[in-house]
Amino acid sequence: MSNSVLIKVSGAFLGRDLRYVEGPVIIEVTDEGIIGSISTSYSSVLKSSKEFDLRGYVALSPLANLHVHMLDYAILESGWELDIDSLVGEPYGLKYVLLKKLDRGILKQTIQKARWLNWAHGIGIIAEFRELGLEGLIVDSDIRVNGHLILAMPSSHGVESVKEIRELIKFSDGIGISSPLYFSRGILESLIKICKEKGKYVVAHIAETQETYNEGDLSYLISVGAADVIVHGTYLNNEDIELLKDLGTALIICPRANMWFSGKLPPLKELYESSIQVGVGTDNMGWIKPDLWRDMELIFTLLRNQGVTDPKWVLGACTIAAEVFGVKNYIAEGAPANLLLLNSEHLGIEAVRNKWLAVIKRGGAEAVGALIVGGEPRYCSGKGETLCNNLRYFFSRR
C-alpha cells in the first residue's frame with residue numbers, strides 16, 4: 001500500500017454514471033496501475049505516499065476512439081476529392097494501392113505518430129481497424145501498449161482468408177470486417193467461428209452507405225453469426241436498431257466521417273431513444289482528424305436540435321462505451337488507473353452548472369494536462385509533466 005501515488009484534483013467524474021464530485025478529490029494510483037482509493041479527505045489515504053497537487057485540473061475517464069484506421073495517416077489527404085468507394089473501397093480503392101507501396105519502417109512510424117496524435121487529444125482507448133493482413137500487424141508488434149486494441153482486416157476474401165485469420169488473431173484482438181458482403185456465407189461463418197472460439201472480437205462495417213445497406217449487409221451478417229460490434233450504421237432504421245439491441249450488439253458511430261464521405265448522419269435520436277450501447281469513432285485518419293471533441297460537440301448539437309438534451313449520454317458514449325471491448329474505462333476504486341486530467345479553467349467548470357456540458361462544449365486538446373492509462377502516462381503538458389515524469393520513474397521500479 002505504501003507504493004502508491006496520490007493525485008489531488010479539483011473535481012472528478014466518477015463511476016460508470018460519470019457523477020461529478022467537487023474537490024479536492026484525492027485519487028490513489030497503486031504500483032499495479034490500479035485505483036486504490038478515492039477520497040475527499042486524507043483520513044482514508046496513506047499520507048506517506050507520493051503526492052501531486054493538480055488542483056486546477058479535473059479528472060475524467062480518457063476518451064475512447066472506438067473506430068479508427070491509423071495507417072491512413074501515412075497518405076494524408078490523398079485522393080480527398082474521390083467518392084468513398086474509389087478512395088477507401090477494399091481492395092482496389094486508392095488507399096489500398098498507396099498503402100501497399102509503403103515499407104515497414106514508414107508504416108511503423110505512421111502508427112507511432114497516429115497514436116501520439118490520439119493521445120494528445122485525450123484519447124486513451126483506441127480500437128483500430130488494421131489493414132494489410134499479417135504484414136500490417138507485425139509492423140508495430142514490438143511497441144504495443146495497453147489501451148490500443150487492434151482488429152485485423154483479412155488481406156483477401158477467398159478461402160485463403162480462413163487460414164489467414166488463424167494467424168491474424170494471434171497478433172490482434174479480433175477481426176475487422178470491411179463488409180460482410182465481400183465474403184461467401186461459408187467463409188464468413190468460418191471467420192466468425194474461429195474468432196469466437198478464441199475469445200476474440202468480431203467487428204464489421206455495416207450500413208455505411210445506401211448501397212451496402214440496400215444489398216442487405218446487416219441481415220446477411222446476422223444470418224451467419226452476429227458481430228460483437230458494428231460500425232457506422234448510417235442508414236439503419238428503428239427496426240434494425242431494435243434488432244441489434246436484442247442481439248446485444250453495440251454500435252460505433254462516426255458522424256464527422258460519415259458527413260465527409262457521404263453527407264449522411266447516423267440516426268442519432270433513434271439511437272438515443274433505443275438505449276442501445278453506442279460508442280464513437282473518428283474513422284479514417286488520412287482524411288478525418290482524430291478529435292473526439294469535435295464529434296462530441298457535433299453529436300450534442302444535433303441531438304439538442306432534435307429535442308434531446310442529455311450531455312451525460314454523449315460524454316458516456318465517448319468514454320464509458322469502451323466497455324464494449326471489455327475495457328473498464330471509468331474512475332472507481334479497483335478499476336484500472338485510466339485518467340484524463342483537464343484544465344478546469346479551459347472548461348469553465350467551476351462556473352457552469354452542468355459539468356458534462358462544459359466538458360463537451362469547451363473541452364479540447366488544449367485542455368489536456370495529463371493522460372494516464374493503466375497507471376502509465378501517455379501524454380502530458382503543463383503541470384502534468386511533473387506527474388508523468390514521476391509516474392514513469394515510479395513504474396520503472398516495479
# chains A, B, ... in the order shown; residues from 1 in each chain; ligands from 1
$ residues_around --residues "Gly33 in chain A" --least-positions-apart "4" --cutoff "9 Å" --atoms "only C-alpha atoms" --output "PDB file with all heavy atoms, in the first residue's frame"
ATOM      1  N   VAL A  29      -3.171   6.003  -6.981  1.00  0.00           N
ATOM      2  CA  VAL A  29      -2.765   5.081  -8.042  1.00  0.00           C
ATOM      3  C   VAL A  29      -1.703   4.147  -7.476  1.00  0.00           C
ATOM      4  O   VAL A  29      -0.634   4.596  -7.042  1.00  0.00           O
ATOM      5  CB  VAL A  29      -2.205   5.833  -9.259  1.00  0.00           C
ATOM      6  CG1 VAL A  29      -1.746   4.853 -10.337  1.00  0.00           C
ATOM      7  CG2 VAL A  29      -3.252   6.787  -9.827  1.00  0.00           C
ATOM      8  N   ALA A 335     -10.600  -0.191 -10.197  1.00  0.00           N
ATOM      9  CA  ALA A 335     -10.559  -0.146 -11.658  1.00  0.00           C
ATOM     10  C   ALA A 335      -9.158   0.254 -12.121  1.00  0.00           C
ATOM     11  O   ALA A 335      -8.376   0.819 -11.355  1.00  0.00           O
ATOM     12  CB  ALA A 335     -11.590   0.848 -12.178  1.00  0.00           C
ATOM     13  N   PRO A 336      -8.813  -0.026 -13.380  1.00  0.00           N
ATOM     14  CA  PRO A 336      -7.524   0.438 -13.893  1.00  0.00           C
ATOM     15  C   PRO A 336      -7.406   1.953 -13.757  1.00  0.00           C
ATOM     16  O   PRO A 336      -8.402   2.673 -13.885  1.00  0.00           O
ATOM     17  CB  PRO A 336      -7.560   0.017 -15.367  1.00  0.00           C
ATOM     18  CG  PRO A 336      -8.523  -1.129 -15.403  1.00  0.00           C
ATOM     19  CD  PRO A 336      -9.564  -0.811 -14.380  1.00  0.00           C
ATOM     20  N   ALA A 337      -6.201   2.422 -13.497  1.00  0.00           N
ATOM     21  CA  ALA A 337      -5.986   3.863 -13.329  1.00  0.00           C
ATOM     22  C   ALA A 337      -5.946   4.540 -14.700  1.00  0.00           C
ATOM     23  O   ALA A 337      -4.886   4.878 -15.228  1.00  0.00           O
ATOM     24  CB  ALA A 337      -4.699   4.119 -12.561  1.00  0.00           C
ATOM     25  N   ASN A 338      -7.128   4.697 -15.278  1.00  0.00           N
ATOM     26  CA  ASN A 338      -7.299   5.413 -16.541  1.00  0.00           C
ATOM     27  C   ASN A 338      -7.804   6.808 -16.207  1.00  0.00           C
ATOM     28  O   ASN A 338      -8.938   6.977 -15.737  1.00  0.00           O
ATOM     29  CB  ASN A 338      -8.305   4.701 -17.447  1.00  0.00           C
ATOM     30  CG  ASN A 338      -7.811   3.334 -17.892  1.00  0.00           C
ATOM     31  OD1 ASN A 338      -6.628   3.026 -17.781  1.00  0.00           O
ATOM     32  ND2 ASN A 338      -8.711   2.509 -18.401  1.00  0.00           N
ATOM     33  N   VAL A 373      -3.046   5.806 -18.679  1.00  0.00           N
ATOM     34  CA  VAL A 373      -3.767   4.567 -18.993  1.00  0.00           C
ATOM     35  C   VAL A 373      -3.122   3.422 -18.228  1.00  0.00           C
ATOM     36  O   VAL A 373      -1.927   3.150 -18.390  1.00  0.00           O
ATOM     37  CB  VAL A 373      -3.755   4.269 -20.508  1.00  0.00           C
ATOM     38  CG1 VAL A 373      -4.503   2.960 -20.787  1.00  0.00           C
ATOM     39  CG2 VAL A 373      -4.373   5.416 -21.293  1.00  0.00           C
ATOM     40  N   GLY A 374      -3.889   2.775 -17.375  1.00  0.00           N
ATOM     41  CA  GLY A 374      -3.355   1.700 -16.563  1.00  0.00           C
ATOM     42  C   GLY A 374      -2.232   2.158 -15.658  1.00  0.00           C
ATOM     43  O   GLY A 374      -1.320   1.396 -15.336  1.00  0.00           O
ATOM     44  N   GLY A 375      -2.295   3.417 -15.237  1.00  0.00           N
ATOM     45  CA  GLY A 375      -1.273   3.982 -14.375  1.00  0.00           C
ATOM     46  C   GLY A 375      -0.050   4.508 -15.116  1.00  0.00           C
ATOM     47  O   GLY A 375       0.811   5.152 -14.519  1.00  0.00           O
ATOM     48  N   GLU A 376       0.025   4.257 -16.412  1.00  0.00           N
ATOM     49  CA  GLU A 376       1.184   4.673 -17.194  1.00  0.00           C
ATOM     50  C   GLU A 376       0.876   5.939 -17.985  1.00  0.00           C
ATOM     51  O   GLU A 376      -0.138   6.018 -18.677  1.00  0.00           O
ATOM     52  CB  GLU A 376       1.603   3.555 -18.144  1.00  0.00           C
ATOM     53  CG  GLU A 376       2.000   2.275 -17.423  1.00  0.00           C
ATOM     54  CD  GLU A 376       2.396   1.168 -18.380  1.00  0.00           C
ATOM     55  OE1 GLU A 376       2.307   1.393 -19.603  1.00  0.00           O
ATOM     56  OE2 GLU A 376       2.794   0.094 -17.904  1.00  0.00           O
ATOM     57  N   PHE A 395       6.862   3.546 -11.968  1.00  0.00           N
ATOM     58  CA  PHE A 395       6.569   2.251 -12.566  1.00  0.00           C
ATOM     59  C   PHE A 395       7.846   1.542 -13.036  1.00  0.00           C
ATOM     60  O   PHE A 395       7.865   0.312 -13.114  1.00  0.00           O
ATOM     61  CB  PHE A 395       5.593   2.411 -13.730  1.00  0.00           C
ATOM     62  CG  PHE A 395       4.173   2.541 -13.280  1.00  0.00           C
ATOM     63  CD1 PHE A 395       3.579   3.785 -13.150  1.00  0.00           C
ATOM     64  CD2 PHE A 395       3.424   1.419 -12.977  1.00  0.00           C
ATOM     65  CE1 PHE A 395       2.263   3.912 -12.715  1.00  0.00           C
ATOM     66  CE2 PHE A 395       2.110   1.534 -12.539  1.00  0.00           C
ATOM     67  CZ  PHE A 395       1.533   2.781 -12.399  1.00  0.00           C
TER      68      PHE A 395
END
$ closest_residue --among "A:Pro180, A:Glu333, A:Tyr201, A:Lys264" --to "Gly216 in chain A" --atoms "only C-alpha atoms"
A:Pro180
$ residues_around --residues "Glu366 in chain A" --least-positions-apart "6" --cutoff "10 Å" --atoms "only C-alpha atoms" --output "PDB file with N, CA, C and O atoms, in the first residue's frame"
ATOM      1  N   ALA A 120      -2.650  13.007 -27.673  1.00  0.00           N
ATOM      2  CA  ALA A 120      -2.609  14.455 -27.478  1.00  0.00           C
ATOM      3  C   ALA A 120      -4.007  15.055 -27.407  1.00  0.00           C
ATOM      4  O   ALA A 120      -4.200  16.140 -26.843  1.00  0.00           O
ATOM      5  N   HIS A 121      -4.991  14.359 -27.948  1.00  0.00           N
ATOM      6  CA  HIS A 121      -6.388  14.801 -27.878  1.00  0.00           C
ATOM      7  C   HIS A 121      -7.137  14.171 -26.706  1.00  0.00           C
ATOM      8  O   HIS A 121      -8.361  14.267 -26.634  1.00  0.00           O
ATOM      9  N   GLY A 122      -6.399  13.518 -25.809  1.00  0.00           N
ATOM     10  CA  GLY A 122      -7.037  12.941 -24.627  1.00  0.00           C
ATOM     11  C   GLY A 122      -7.639  11.577 -24.858  1.00  0.00           C
ATOM     12  O   GLY A 122      -8.398  11.077 -24.019  1.00  0.00           O
ATOM     13  N   LEU A 342      -8.017  17.383 -17.075  1.00  0.00           N
ATOM     14  CA  LEU A 342      -8.361  18.514 -17.927  1.00  0.00           C
ATOM     15  C   LEU A 342      -8.286  19.815 -17.146  1.00  0.00           C
ATOM     16  O   LEU A 342      -8.736  19.892 -15.994  1.00  0.00           O
ATOM     17  N   ASN A 343      -7.755  20.836 -17.777  1.00  0.00           N
ATOM     18  CA  ASN A 343      -7.628  22.147 -17.162  1.00  0.00           C
ATOM     19  C   ASN A 343      -9.010  22.722 -16.888  1.00  0.00           C
ATOM     20  O   ASN A 343      -9.787  22.971 -17.809  1.00  0.00           O
ATOM     21  N   HIS A 346      -9.928  26.072 -18.619  1.00  0.00           N
ATOM     22  CA  HIS A 346     -10.329  25.940 -20.019  1.00  0.00           C
ATOM     23  C   HIS A 346     -11.795  25.525 -20.122  1.00  0.00           C
ATOM     24  O   HIS A 346     -12.519  25.969 -21.025  1.00  0.00           O
ATOM     25  N   SER A 381       1.272  17.748 -20.383  1.00  0.00           N
ATOM     26  CA  SER A 381       1.680  19.117 -20.664  1.00  0.00           C
ATOM     27  C   SER A 381       1.472  19.948 -19.408  1.00  0.00           C
ATOM     28  O   SER A 381       0.717  19.563 -18.510  1.00  0.00           O
TER      29      SER A 381
END
$ residues_around --residues "Ala322 in chain A" --least-positions-apart "3" --cutoff "8 Å" --atoms "only C-alpha atoms" --output "list in words"
Ala64, Leu66, Ile125, Gly279, Cys318, Thr319, Phe325, Gly326, Val327, Lys328 and Asn329 of chain A
$ closest_residue --among "A:Asn237, A:Leu134, A:Leu191, A:Ser184" --to "Glu167 in chain A" --atoms "only C-alpha atoms"
A:Leu134
$ atom_distance --atom1 "CA of Met70 in chain A" --atom2 "CA of Asp283 in chain A"
8.4 Å
$ closest_residue --among "A:Ala250, A:Ile331, A:Leu6, A:Val58" --to "Glu345 in chain A" --atoms "only C-alpha atoms"
A:Val58
$ closest_residue --among "A:Leu340, A:Leu87, A:Ala74, A:Val9" --to "Gln109 in chain A" --atoms "only C-alpha atoms"
A:Ala74
$ residues_around --residues "Leu94 in chain A" --least-positions-apart "4" --cutoff "12 Å" --atoms "only C-alpha atoms" --output "PyMOL selection string"
chain A and resi 72+75+77-90+98-101+286
$ select_by_dssp --residues "range 267-303 of chain A" --states "helix (DSSP H, G or I)" --output "ChimeraX atom specification"
/A:268-274,292-303
$ closest_residue --among "A:Leu339, A:Ala257, A:Ile35, A:Ile230" --to "Asn284 in chain A" --atoms "only C-alpha atoms"
A:Ala257
$ select_by_dssp --residues "range 157-195 of chain A" --states "strand (DSSP E)" --output "ChimeraX atom specification"
/A:174-177
$ closest_residue --among "A:Trp119, A:Ser41, A:Ile187, A:Leu149" --to "Lys163 in chain A" --atoms "only C-alpha atoms"
A:Ile187
$ closest_atom_pairs --of "range 105-171 of chain A" --to "range 289-305 of chain A" --cutoff "8 Å" --atoms "only C-alpha atoms" --output "Markdown table"
| residue | atom | partner | partner_atom | distance |
| --- | --- | --- | --- | --- |
| A:Leu117 | CA | A:Pro290 | CA | 7.4 |
| A:Asn118 | CA | A:Pro290 | CA | 6.0 |
| A:His121 | CA | A:Asp291 | CA | 6.2 |
| A:Ile123 | CA | A:Leu292 | CA | 7.9 |
$ write_last_selection --atoms "C-alpha atoms" --output "compact mmCIF listing (two decimals), in the first residue's frame"
# COMPACT_ATOMS: atom_id res chain seq x y z
CA LEU A 117 -1.96 12.37 -32.03
CA ASN A 118 -4.83 10.44 -30.44
CA HIS A 121 -6.39 14.80 -27.88
CA ILE A 123 -7.84 9.63 -26.30
$ residues_around --residues "Tyr220 in chain A" --least-positions-apart "3" --cutoff "9 Å" --atoms "only C-alpha atoms" --output "number ranges by chain"
A: 180-181, 185, 215-217, 223-225
$ write_last_selection --atoms "N, CA and C atoms" --output "mmCIF file, in the first residue's frame"
data_model
loop_
_atom_site.group_PDB
_atom_site.id
_atom_site.type_symbol
_atom_site.label_atom_id
_atom_site.label_comp_id
_atom_site.auth_asym_id
_atom_site.auth_seq_id
_atom_site.Cartn_x
_atom_site.Cartn_y
_atom_site.Cartn_z
ATOM 1 N N PRO A 180 -19.293 -7.505 -44.738
ATOM 2 C CA PRO A 180 -19.589 -8.945 -44.813
ATOM 3 C C PRO A 180 -19.949 -9.382 -46.223
ATOM 4 N N LEU A 181 -20.372 -8.432 -47.061
ATOM 5 C CA LEU A 181 -20.770 -8.765 -48.426
ATOM 6 C C LEU A 181 -19.594 -9.223 -49.280
ATOM 7 N N ARG A 185 -20.889 -17.052 -47.753
ATOM 8 C CA ARG A 185 -21.504 -17.453 -46.488
ATOM 9 C C ARG A 185 -20.600 -18.412 -45.696
ATOM 10 N N GLU A 215 -28.149 -3.714 -50.199
ATOM 11 C CA GLU A 215 -27.726 -5.073 -50.561
ATOM 12 C C GLU A 215 -27.863 -6.050 -49.396
ATOM 13 N N GLY A 216 -28.253 -5.530 -48.229
ATOM 14 C CA GLY A 216 -28.561 -6.401 -47.097
ATOM 15 C C GLY A 216 -27.373 -6.800 -46.252
ATOM 16 N N ASP A 217 -26.399 -5.889 -46.081
ATOM 17 C CA ASP A 217 -25.208 -6.273 -45.311
ATOM 18 C C ASP A 217 -25.538 -6.662 -43.868
ATOM 19 N N SER A 223 -27.400 -13.389 -40.334
ATOM 20 C CA SER A 223 -27.804 -14.740 -40.743
ATOM 21 C C SER A 223 -26.688 -15.763 -40.579
ATOM 22 N N VAL A 224 -25.438 -15.283 -40.558
ATOM 23 C CA VAL A 224 -24.322 -16.227 -40.414
ATOM 24 C C VAL A 224 -23.686 -16.174 -39.029
ATOM 25 N N GLY A 225 -24.022 -15.176 -38.242
ATOM 26 C CA GLY A 225 -23.474 -15.060 -36.899
ATOM 27 C C GLY A 225 -23.255 -13.614 -36.525
#
